[in-house]
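Here is start.txt, consisting of compact mmCIF, C-alpha atoms:
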# COMPACT_ATOMS: atom_id res chain seq x y z
CA MET A 3 34.44 -31.82 -24.50
CA ASN A 4 33.25 -31.56 -20.94
CA VAL A 5 29.73 -32.00 -19.62
CA ARG A 6 28.90 -28.27 -19.81
CA LEU A 7 29.87 -27.98 -23.47
CA TYR A 8 28.05 -31.26 -24.17
CA ILE A 9 24.81 -29.89 -22.74
CA TRP A 10 25.15 -26.62 -24.68
CA GLN A 11 25.81 -28.47 -27.91
CA ARG A 12 22.90 -30.89 -27.46
CA ALA A 13 20.54 -28.12 -26.35
CA THR A 14 21.39 -25.91 -29.34
CA ALA A 15 20.99 -28.95 -31.63
CA ALA A 16 17.52 -29.53 -30.19
CA ILE A 17 16.65 -25.88 -30.84
CA MET A 18 18.03 -25.96 -34.38
CA ALA A 19 16.27 -29.15 -35.50
CA PRO A 20 12.77 -27.61 -35.91
CA LEU A 21 14.22 -24.27 -37.02
CA VAL A 22 16.10 -25.94 -39.88
CA LEU A 23 12.91 -27.60 -41.11
CA VAL A 24 11.01 -24.30 -41.05
CA HIS A 25 13.95 -22.54 -42.73
CA ILE A 26 14.03 -25.10 -45.57
CA ALA A 27 10.26 -24.85 -45.98
CA ILE A 28 10.60 -21.06 -46.23
CA ILE A 29 13.27 -21.37 -48.91
CA PHE A 30 11.02 -23.66 -50.96
CA TYR A 31 8.05 -21.36 -50.47
CA ALA A 32 10.00 -18.25 -51.48
CA ALA A 33 11.79 -19.84 -54.43
CA ARG A 34 8.90 -21.84 -55.88
CA GLY A 35 6.35 -19.13 -55.15
CA GLY A 36 8.38 -16.69 -57.21
CA LEU A 37 8.69 -14.10 -54.46
CA SER A 38 10.95 -11.16 -55.34
CA ALA A 39 13.36 -9.57 -52.87
CA THR A 40 10.90 -6.73 -52.46
CA ASP A 41 8.10 -9.20 -51.63
CA ILE A 42 10.27 -10.91 -49.03
CA LEU A 43 11.42 -7.68 -47.42
CA ALA A 44 7.85 -6.46 -47.27
CA ARG A 45 7.02 -9.49 -45.14
CA THR A 46 10.10 -9.41 -42.90
CA ARG A 47 10.72 -5.70 -42.21
CA GLY A 48 9.37 -4.72 -38.84
CA SER A 49 8.44 -8.30 -38.00
CA ILE A 50 9.31 -9.22 -34.43
CA ALA A 51 8.44 -12.86 -35.18
CA TRP A 52 10.99 -13.17 -38.01
CA ALA A 53 13.59 -11.29 -35.96
CA ALA A 54 13.07 -13.69 -33.05
CA PHE A 55 13.03 -16.77 -35.31
CA TYR A 56 16.25 -16.01 -37.19
CA GLY A 57 17.91 -14.30 -34.22
CA LEU A 58 17.46 -17.48 -32.17
CA PHE A 59 18.61 -19.56 -35.15
CA VAL A 60 21.81 -17.52 -35.51
CA LEU A 61 22.65 -17.69 -31.81
CA ALA A 62 22.05 -21.47 -31.69
CA VAL A 63 24.21 -22.00 -34.78
CA SER A 64 27.00 -19.82 -33.38
CA ILE A 65 27.16 -21.74 -30.11
CA HIS A 66 26.73 -25.18 -31.70
CA ALA A 67 29.27 -24.64 -34.47
CA SER A 68 31.92 -23.08 -32.25
CA ILE A 69 31.77 -26.05 -29.85
CA GLY A 70 32.05 -28.42 -32.82
CA VAL A 71 35.02 -26.53 -34.25
CA ARG A 72 36.64 -26.60 -30.81
CA ASN A 73 36.36 -30.40 -30.79
CA VAL A 74 37.88 -30.68 -34.26
CA LEU A 75 40.76 -28.37 -33.34
CA SER A 76 41.44 -30.14 -30.04
CA GLU A 77 41.67 -33.54 -31.76
CA TRP A 78 43.28 -32.63 -35.06
CA SER A 79 45.43 -29.55 -34.50
CA PRO A 80 48.57 -29.05 -32.39
CA LEU A 81 47.04 -25.96 -30.73
CA SER A 82 47.10 -25.74 -26.94
CA GLU A 83 43.79 -25.95 -25.06
CA ARG A 84 43.85 -22.23 -24.39
CA ARG A 85 44.35 -21.35 -28.06
CA THR A 86 41.72 -23.87 -29.07
CA ASP A 87 39.25 -22.19 -26.73
CA ALA A 88 40.22 -18.77 -28.09
CA CYS A 89 39.68 -19.94 -31.70
CA ALA A 90 36.29 -21.40 -30.80
CA VAL A 91 35.16 -18.19 -29.08
CA PHE A 92 36.40 -16.14 -32.05
CA ILE A 93 34.50 -18.31 -34.53
CA GLY A 94 31.37 -18.13 -32.38
CA ILE A 95 31.55 -14.33 -32.21
CA VAL A 96 32.17 -14.01 -35.97
CA LEU A 97 29.24 -16.31 -36.79
CA ALA A 98 26.95 -14.48 -34.39
CA GLY A 99 28.07 -11.07 -35.71
CA LEU A 100 27.62 -11.97 -39.38
CA GLY A 101 24.36 -13.78 -38.74
CA LEU A 102 22.77 -11.07 -36.63
CA ARG A 103 23.88 -8.45 -39.17
CA ALA A 104 22.09 -10.44 -41.88
CA VAL A 105 18.98 -10.75 -39.71
CA ALA A 106 19.03 -7.02 -39.02
CA ALA A 107 19.28 -6.33 -42.74
CA VAL A 108 15.97 -8.06 -43.43
CA VAL A 109 13.93 -7.21 -40.33
CA VAL A 110 14.93 -3.64 -39.41
CA PRO A 111 12.48 -1.26 -41.15
CA MET B 20 43.86 -75.23 -47.73
CA ASN B 21 47.31 -73.65 -48.07
CA VAL B 22 50.10 -75.78 -46.71
CA GLU B 23 51.92 -72.78 -45.28
CA LEU B 24 50.91 -69.38 -43.98
CA ALA B 25 52.90 -66.24 -44.75
CA VAL B 26 53.03 -64.56 -41.35
CA SER B 27 54.33 -61.02 -40.92
CA LEU B 28 55.18 -60.23 -37.31
CA TRP B 29 56.12 -56.85 -35.85
CA ARG B 30 59.69 -57.00 -34.57
CA GLY B 31 61.38 -54.40 -32.37
CA GLY B 32 60.01 -51.35 -30.56
CA ALA B 33 58.04 -48.38 -31.84
CA ASN B 34 60.45 -47.99 -34.77
CA GLY B 35 60.54 -51.67 -35.65
CA ARG B 36 59.37 -53.37 -38.84
CA TYR B 37 57.42 -56.40 -40.02
CA GLU B 38 59.33 -59.61 -40.72
CA THR B 39 57.80 -62.53 -42.58
CA TYR B 40 57.87 -66.16 -41.45
CA ARG B 41 56.53 -69.37 -42.98
CA VAL B 42 54.27 -71.29 -40.61
CA PRO B 43 52.53 -74.62 -41.35
CA GLN B 44 48.77 -74.26 -41.55
CA ARG B 45 46.73 -76.59 -39.34
CA GLN B 46 43.09 -77.38 -38.73
CA SER B 47 41.43 -75.23 -36.03
CA GLN B 48 44.61 -73.18 -35.70
CA THR B 49 44.39 -69.95 -33.71
CA VAL B 50 46.44 -66.81 -34.27
CA LEU B 51 48.08 -67.42 -30.89
CA ASP B 52 49.08 -70.90 -32.11
CA VAL B 53 50.83 -69.24 -35.06
CA VAL B 54 52.74 -66.77 -32.87
CA THR B 55 53.72 -69.56 -30.47
CA PHE B 56 54.97 -71.69 -33.38
CA VAL B 57 57.27 -68.88 -34.52
CA GLN B 58 58.71 -68.43 -31.04
CA ARG B 59 59.22 -72.13 -30.36
CA HIS B 60 60.45 -73.26 -33.77
CA ILE B 61 61.87 -70.26 -35.63
CA ASP B 62 62.94 -67.38 -33.36
CA PRO B 63 62.92 -67.79 -29.55
CA THR B 64 63.61 -64.05 -29.07
CA LEU B 65 60.07 -63.17 -30.19
CA SER B 66 58.22 -61.42 -27.34
CA TYR B 67 54.48 -61.72 -26.88
CA ARG B 68 52.04 -62.01 -23.99
CA PHE B 69 49.51 -64.70 -23.14
CA ALA B 70 48.35 -66.68 -20.12
CA CYS B 71 45.17 -68.77 -20.16
CA ARG B 72 44.86 -69.53 -23.92
CA VAL B 73 41.08 -69.98 -23.52
CA GLY B 74 39.64 -66.46 -23.66
CA VAL B 75 39.44 -65.72 -19.96
CA CYS B 76 42.49 -63.68 -18.97
CA GLY B 77 42.53 -61.01 -21.70
CA SER B 78 46.33 -61.07 -22.05
CA CYS B 79 46.89 -62.04 -25.68
CA ALA B 80 45.24 -59.25 -27.66
CA MET B 81 47.17 -58.15 -30.76
CA THR B 82 46.51 -56.41 -34.05
CA VAL B 83 45.61 -59.10 -36.57
CA ASN B 84 45.33 -58.07 -40.23
CA GLY B 85 44.63 -54.51 -39.12
CA LYS B 86 42.09 -55.19 -36.38
CA PRO B 87 42.61 -55.75 -32.65
CA ARG B 88 41.60 -59.27 -31.63
CA TRP B 89 42.03 -61.77 -28.79
CA THR B 90 44.42 -64.10 -30.55
CA CYS B 91 43.70 -67.24 -28.49
CA ARG B 92 40.09 -67.34 -29.68
CA THR B 93 40.65 -66.04 -33.20
CA HIS B 94 40.88 -68.81 -35.75
CA VAL B 95 43.30 -68.29 -38.62
CA ALA B 96 40.69 -69.59 -41.06
CA LYS B 97 38.37 -66.76 -40.01
CA VAL B 98 40.79 -63.87 -40.51
CA ALA B 99 43.31 -65.10 -43.11
CA ALA B 100 41.35 -66.61 -45.96
CA SER B 101 44.13 -65.59 -48.36
CA GLY B 102 46.76 -67.42 -46.30
CA LYS B 103 48.43 -64.17 -45.18
CA LEU B 104 48.60 -62.90 -41.62
CA GLU B 105 49.99 -59.61 -40.38
CA ILE B 106 50.26 -59.55 -36.60
CA GLY B 107 51.36 -56.48 -34.67
CA PRO B 108 51.14 -55.04 -31.16
CA LEU B 109 47.93 -53.35 -30.01
CA GLU B 110 47.55 -49.79 -31.24
CA ASN B 111 47.17 -46.74 -28.97
CA LEU B 112 49.61 -48.23 -26.43
CA PRO B 113 53.41 -47.90 -26.21
CA VAL B 114 55.26 -50.86 -27.76
CA ILE B 115 57.69 -52.56 -25.40
CA LYS B 116 59.07 -55.10 -27.87
CA ASP B 117 57.66 -57.11 -30.75
CA LEU B 118 54.02 -57.94 -29.92
CA THR B 119 53.99 -56.75 -26.31
CA THR B 120 52.62 -53.35 -25.35
CA ASP B 121 52.86 -51.39 -22.13
CA MET B 122 49.34 -51.67 -20.67
CA ARG B 123 49.93 -49.13 -17.90
CA PRO B 124 48.15 -46.20 -19.61
CA PHE B 125 45.14 -48.48 -20.12
CA PHE B 126 44.89 -49.48 -16.46
CA GLU B 127 45.82 -46.04 -15.13
CA LYS B 128 42.75 -44.72 -16.90
CA TRP B 129 40.61 -47.21 -14.98
CA GLN B 130 41.90 -45.52 -11.84
CA GLN B 131 41.27 -42.04 -13.29
CA ALA B 132 37.67 -43.06 -14.04
CA ASN B 133 37.22 -44.09 -10.39
CA GLY B 134 36.79 -47.67 -11.54
CA VAL B 135 37.20 -48.96 -7.99
CA PHE B 136 34.23 -50.18 -5.96
CA ALA B 137 33.36 -47.79 -3.12
CA PRO B 138 31.66 -49.90 -0.44
CA THR B 139 28.78 -48.57 1.64
CA LYS B 140 28.76 -51.46 4.14
CA THR B 141 31.30 -53.14 6.37
CA ARG B 142 31.92 -56.84 6.92
CA GLN B 143 29.77 -56.61 10.05
CA ASP B 144 26.69 -55.66 7.99
CA ASP B 145 24.33 -58.13 6.37
CA ILE B 146 24.95 -59.03 2.74
CA ALA B 147 23.08 -56.65 0.44
CA GLN B 148 19.98 -58.13 -1.19
CA ILE B 149 20.25 -57.37 -4.91
CA ARG B 150 17.46 -58.34 -7.30
CA PRO B 151 18.99 -59.52 -10.60
CA ASP B 152 16.01 -58.39 -12.68
CA THR B 153 16.19 -54.64 -11.99
CA PRO B 154 17.25 -52.49 -14.99
CA ALA B 155 20.25 -51.11 -13.09
CA ARG B 156 21.53 -54.56 -12.09
CA MET B 157 21.00 -55.90 -15.61
CA ALA B 158 23.08 -52.99 -16.98
CA ALA B 159 25.80 -53.68 -14.41
CA ASP B 160 25.78 -57.40 -15.18
CA ALA B 161 26.15 -56.79 -18.91
CA ALA B 162 29.25 -54.64 -18.54
CA ILE B 163 30.88 -56.63 -15.75
CA GLU B 164 32.00 -59.37 -18.17
CA CYS B 165 34.91 -57.20 -19.42
CA ILE B 166 38.20 -59.16 -19.41
CA ASN B 167 40.46 -56.07 -19.67
CA CYS B 168 42.01 -57.23 -22.95
CA GLY B 169 42.43 -53.70 -24.37
CA VAL B 170 40.84 -54.55 -27.75
CA CYS B 171 38.29 -51.72 -27.45
CA TYR B 172 41.01 -49.26 -26.41
CA ALA B 173 43.16 -50.21 -29.40
CA ALA B 174 40.16 -49.98 -31.75
CA CYS B 175 39.05 -46.55 -30.52
CA ASP B 176 39.55 -43.62 -32.92
CA THR B 177 38.98 -41.11 -30.12
CA VAL B 178 41.84 -42.58 -28.07
CA ARG B 179 44.02 -42.26 -31.18
CA TRP B 180 43.16 -38.56 -31.56
CA ASN B 181 42.94 -37.62 -27.89
CA SER B 182 45.50 -39.30 -25.67
CA GLY B 183 43.72 -37.96 -22.59
CA TYR B 184 40.50 -39.81 -23.39
CA LEU B 185 39.72 -42.47 -20.79
CA GLY B 186 38.63 -45.00 -23.40
CA PRO B 187 35.79 -47.53 -23.69
CA ALA B 188 36.98 -50.06 -21.10
CA ALA B 189 37.50 -47.60 -18.24
CA LEU B 190 34.16 -45.95 -18.97
CA THR B 191 32.37 -49.30 -19.19
CA ARG B 192 33.81 -50.14 -15.78
CA ALA B 193 32.50 -46.79 -14.48
CA TRP B 194 29.07 -47.62 -15.94
CA THR B 195 29.08 -50.95 -14.09
CA LEU B 196 29.69 -49.19 -10.78
CA VAL B 197 27.24 -46.36 -11.52
CA ASN B 198 24.57 -49.07 -11.78
CA ASP B 199 25.72 -51.00 -8.71
CA ALA B 200 23.29 -50.30 -5.85
CA ARG B 201 25.95 -51.24 -3.30
CA ASP B 202 28.43 -48.60 -4.49
CA GLY B 203 28.68 -45.25 -2.72
CA GLY B 204 31.17 -43.39 -4.91
CA ASN B 205 29.00 -42.20 -7.77
CA THR B 206 29.21 -38.44 -7.32
CA ALA B 207 33.01 -38.53 -7.35
CA ARG B 208 32.92 -41.03 -10.24
CA LEU B 209 30.59 -38.91 -12.37
CA GLN B 210 32.79 -35.91 -11.61
CA ALA B 211 35.87 -37.86 -12.73
CA ILE B 212 34.35 -38.74 -16.10
CA ALA B 213 32.67 -35.38 -16.84
CA GLY B 214 35.88 -33.57 -17.84
CA SER B 215 37.53 -33.09 -21.22
CA GLY B 216 38.87 -36.67 -21.42
CA GLY B 217 35.69 -38.25 -20.13
CA CYS B 218 32.58 -39.80 -21.62
CA HIS B 219 31.60 -36.73 -23.65
CA ALA B 220 34.70 -37.09 -25.82
CA CYS B 221 33.25 -40.30 -27.34
CA HIS B 222 32.15 -39.92 -30.99
CA SER B 223 30.05 -43.11 -30.93
CA HIS B 224 31.99 -44.69 -33.82
CA GLN B 225 31.22 -48.06 -32.16
CA SER B 226 34.47 -49.80 -33.10
CA CYS B 227 34.62 -50.91 -29.46
CA GLN B 228 31.33 -52.77 -29.55
CA GLU B 229 32.05 -54.18 -33.02
CA LEU B 230 35.34 -55.73 -31.93
CA CYS B 231 34.78 -56.51 -28.23
CA PRO B 232 35.49 -60.25 -27.91
CA GLN B 233 32.96 -60.47 -25.08
CA ALA B 234 30.27 -58.87 -27.26
CA LEU B 235 29.86 -56.02 -24.78
CA ASN B 236 28.58 -52.63 -25.89
CA PRO B 237 30.81 -49.89 -24.45
CA THR B 238 29.18 -47.32 -26.74
CA ALA B 239 25.84 -47.89 -25.00
CA ALA B 240 27.54 -47.72 -21.59
CA ILE B 241 29.17 -44.41 -22.53
CA ALA B 242 25.84 -43.06 -23.81
CA GLY B 243 24.37 -43.95 -20.41
CA LEU B 244 27.20 -42.10 -18.68
CA LYS B 245 26.60 -39.04 -20.85
CA ARG B 246 22.98 -38.95 -19.69
CA ARG B 247 23.87 -39.53 -16.03
CA THR B 248 26.61 -36.87 -15.96
CA ALA B 249 24.38 -34.35 -17.77
CA THR B 250 21.61 -34.93 -15.23
CA ALA B 251 24.05 -34.64 -12.32
CA TYR B 252 25.46 -31.41 -13.76
CA LEU B 253 22.02 -29.86 -14.22
CA LYS B 254 21.16 -30.79 -10.62
CA GLY B 255 24.36 -29.12 -9.42
CA GLU B 256 25.83 -32.38 -8.07
CA ILE B 257 28.97 -32.08 -10.23
CA THR B 258 30.83 -29.24 -11.95
CA ALA B 259 32.24 -28.95 -15.47

Represent the structure contained in this file as structure tokens.
Amino acid sequence: MNVRLYIWQRATAAIMAPLVLVHIAIIFYAARGGLSATDILARTRGSIAWAAFYGLFVLAVSIHASIGVRNVLSEWSPLSERRTDACAVFIGIVLAGLGLRAVAAVVVP
Amino acid sequence: MNVELAVSLWRGGANGRYETYRVPQRQSQTVLDVVTFVQRHIDPTLSYRFACRVGVCGSCAMTVNGKPRWTCRTHVAKVAASGKLEIGPLENLPVIKDLTTDMRPFFEKWQQANGVFAPTKTRQDDIAQIRPDTPARMAADAAIECINCGVCYAACDTVRWNSGYLGPAALTRAWTLVNDARDGGNTARLQAIAGSGGCHACHSHQSCQELCPQALNPTAAIAGLKRRTATAYLKGEITA
């Protein structure tokens, strides 16, 4: 890992730390409060705040995880540096695509 | 106390094997004493490396019962309570023969980390006035006690997984110079350690600081380098 990737990974970790806490609190609230899917969607659809919250979360996770996977591959797999980079970018794009699709499903009216 | 120790010593090169010898156990016996006994009384072809025998030169480090240690200051009673010793060459370095390793990769990485003092004055200038109680000088003084034994390098998991990683000793040397007010080579040095094999490869497992015979803390030095390189990168002084 070079200094640029280090800064991206630490910065995305700093972003994720409070988001994870809020996310866990939301899960508890929704599960223990007995909210149905319809109740949840009624709160999230059309909400710019929820779109921004989970959109940022997904992007931070995608960048953070892909850098972490790159480190694992570079130390533990026989892949060349170029292929390791390609795998990391692919994983980042897949995570971002799946995550943003899920966010769109709950916030787009 | 056991009368005899069962001592397994690595014999041969990288594809060698352990051979067991019987060595009399003595009071205040060091691991280096044991190896020396085998060479002088049992098998004179045994190869190993030592010089000062008093913990100054850093020549005699070996793997003792699975951990890298300076053998001249490691008492048998401390590491072989069961009466068994397994002594091998340092890990993460090429084996030359028996207990001797090729230290060149270790020292070449000191060069790659720009571990050489870059003077800012000439012999015609006055001697620099350095206050010993400044935080930077105290950090430099802490790390400057390294004896280049290679124990931290052999203990490092990251070196094992990433042969390009500079390792704890070279980075601790860089940290010493980064904190030396008289040195003028910091931009080039931070650039040298900001790449893929540099300080950011460290996982902070802390085996280096746990096993350093000088009780230094390379993990803390590397953490300091991570902060300094990140700051330099954000200021545009170095590139990725």

Provide as number ranges by chain the residues of chain A at most 6 Å from chain B, counting all atoms listed in the file.
-> A: 3-6, 77

So how far away is atom CA of Lys116 of chain B from atom CA of Arg36 of chain B, in Å?
-> 11.1 Å

One decimal, Å: what's the distance from atom CA of Gly57 of chain A over to atom CA of Cys89 of chain A, could you say?
-> 22.6 Å

Select, from A:Thr14, A:Ile9, A:Ser82, A:Ile26, the residue with the minimum atom-to-atom distance to Val60 of chain A, counting only C-alpha atoms.
->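 Answer, going by the shortest atom-to-atom distance: A:Thr14.
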
What does the distance between atom CA of Leu109 of chain B and atom CA of Ile166 of chain B come to in Å, to one decimal place?
->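 So the two atoms, atom CA of Leu109 of chain B and atom CA of Ile166 of chain B, lie 15.5 Å apart.
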
For Leu21 of chain A, which residue among A:Leu43, A:Ala54, A:Leu7, A:Leu37 is the nearest when counting all atoms listed in the file?
-> A:Ala54

Rank B:Gly74, B:Asn111, B:Gly203, B:Lys128 by their smallest atom-to-atom distance to Cys231 of chain B, using all atoms listed in the file, and report the top residue only.
->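 Among the listed residues, the smallest separation from Cys231 of chain B belongs to B:Gly74.
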
List the neighbours of segment 92-101 of chain A out to 10 Å using only C-alpha atoms; skip same-chain residues closer than 5 positions along the sequence, and give me the result as a list in words.
->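 Residues meeting the cut-off are Tyr56, Gly57, Phe59, Val60, Leu61, Ala62, Val63, Ser64, Ile65, His66, Ala67, Ser68, Ile69, Val71, Arg72, Thr86, Asp87, Ala106 and Ala107 of chain A.
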
Skip Ala155 of chain B itself and residues of its chain fewer than 4 positions away, then list as a list of chain:residue names all residues within 8 Å of it, counting all atoms listed in the file.
->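 Final neighbour list, sorted by chain and number: B:Ala159, B:Asn198, B:Asp199, B:Ala200.
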
Extract, using only C-alpha atoms, all DNA, RNA and protein residues at most 8 Å from segment 135-142 of chain B, discarding same-chain residues fewer than 4 positions from it, and format them as JSON, numbers by chain.
-> {"B": [129, 130, 196, 201, 202, 203, 204]}

Looking at all atoms listed in the file, which of B:Pro87, B:Pro63, B:Gly31, B:Gly255 is the one that sits closest to Cys175 of chain B?
->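 Residue with the minimum atom-to-atom distance to Cys175 of chain B: B:Pro87.
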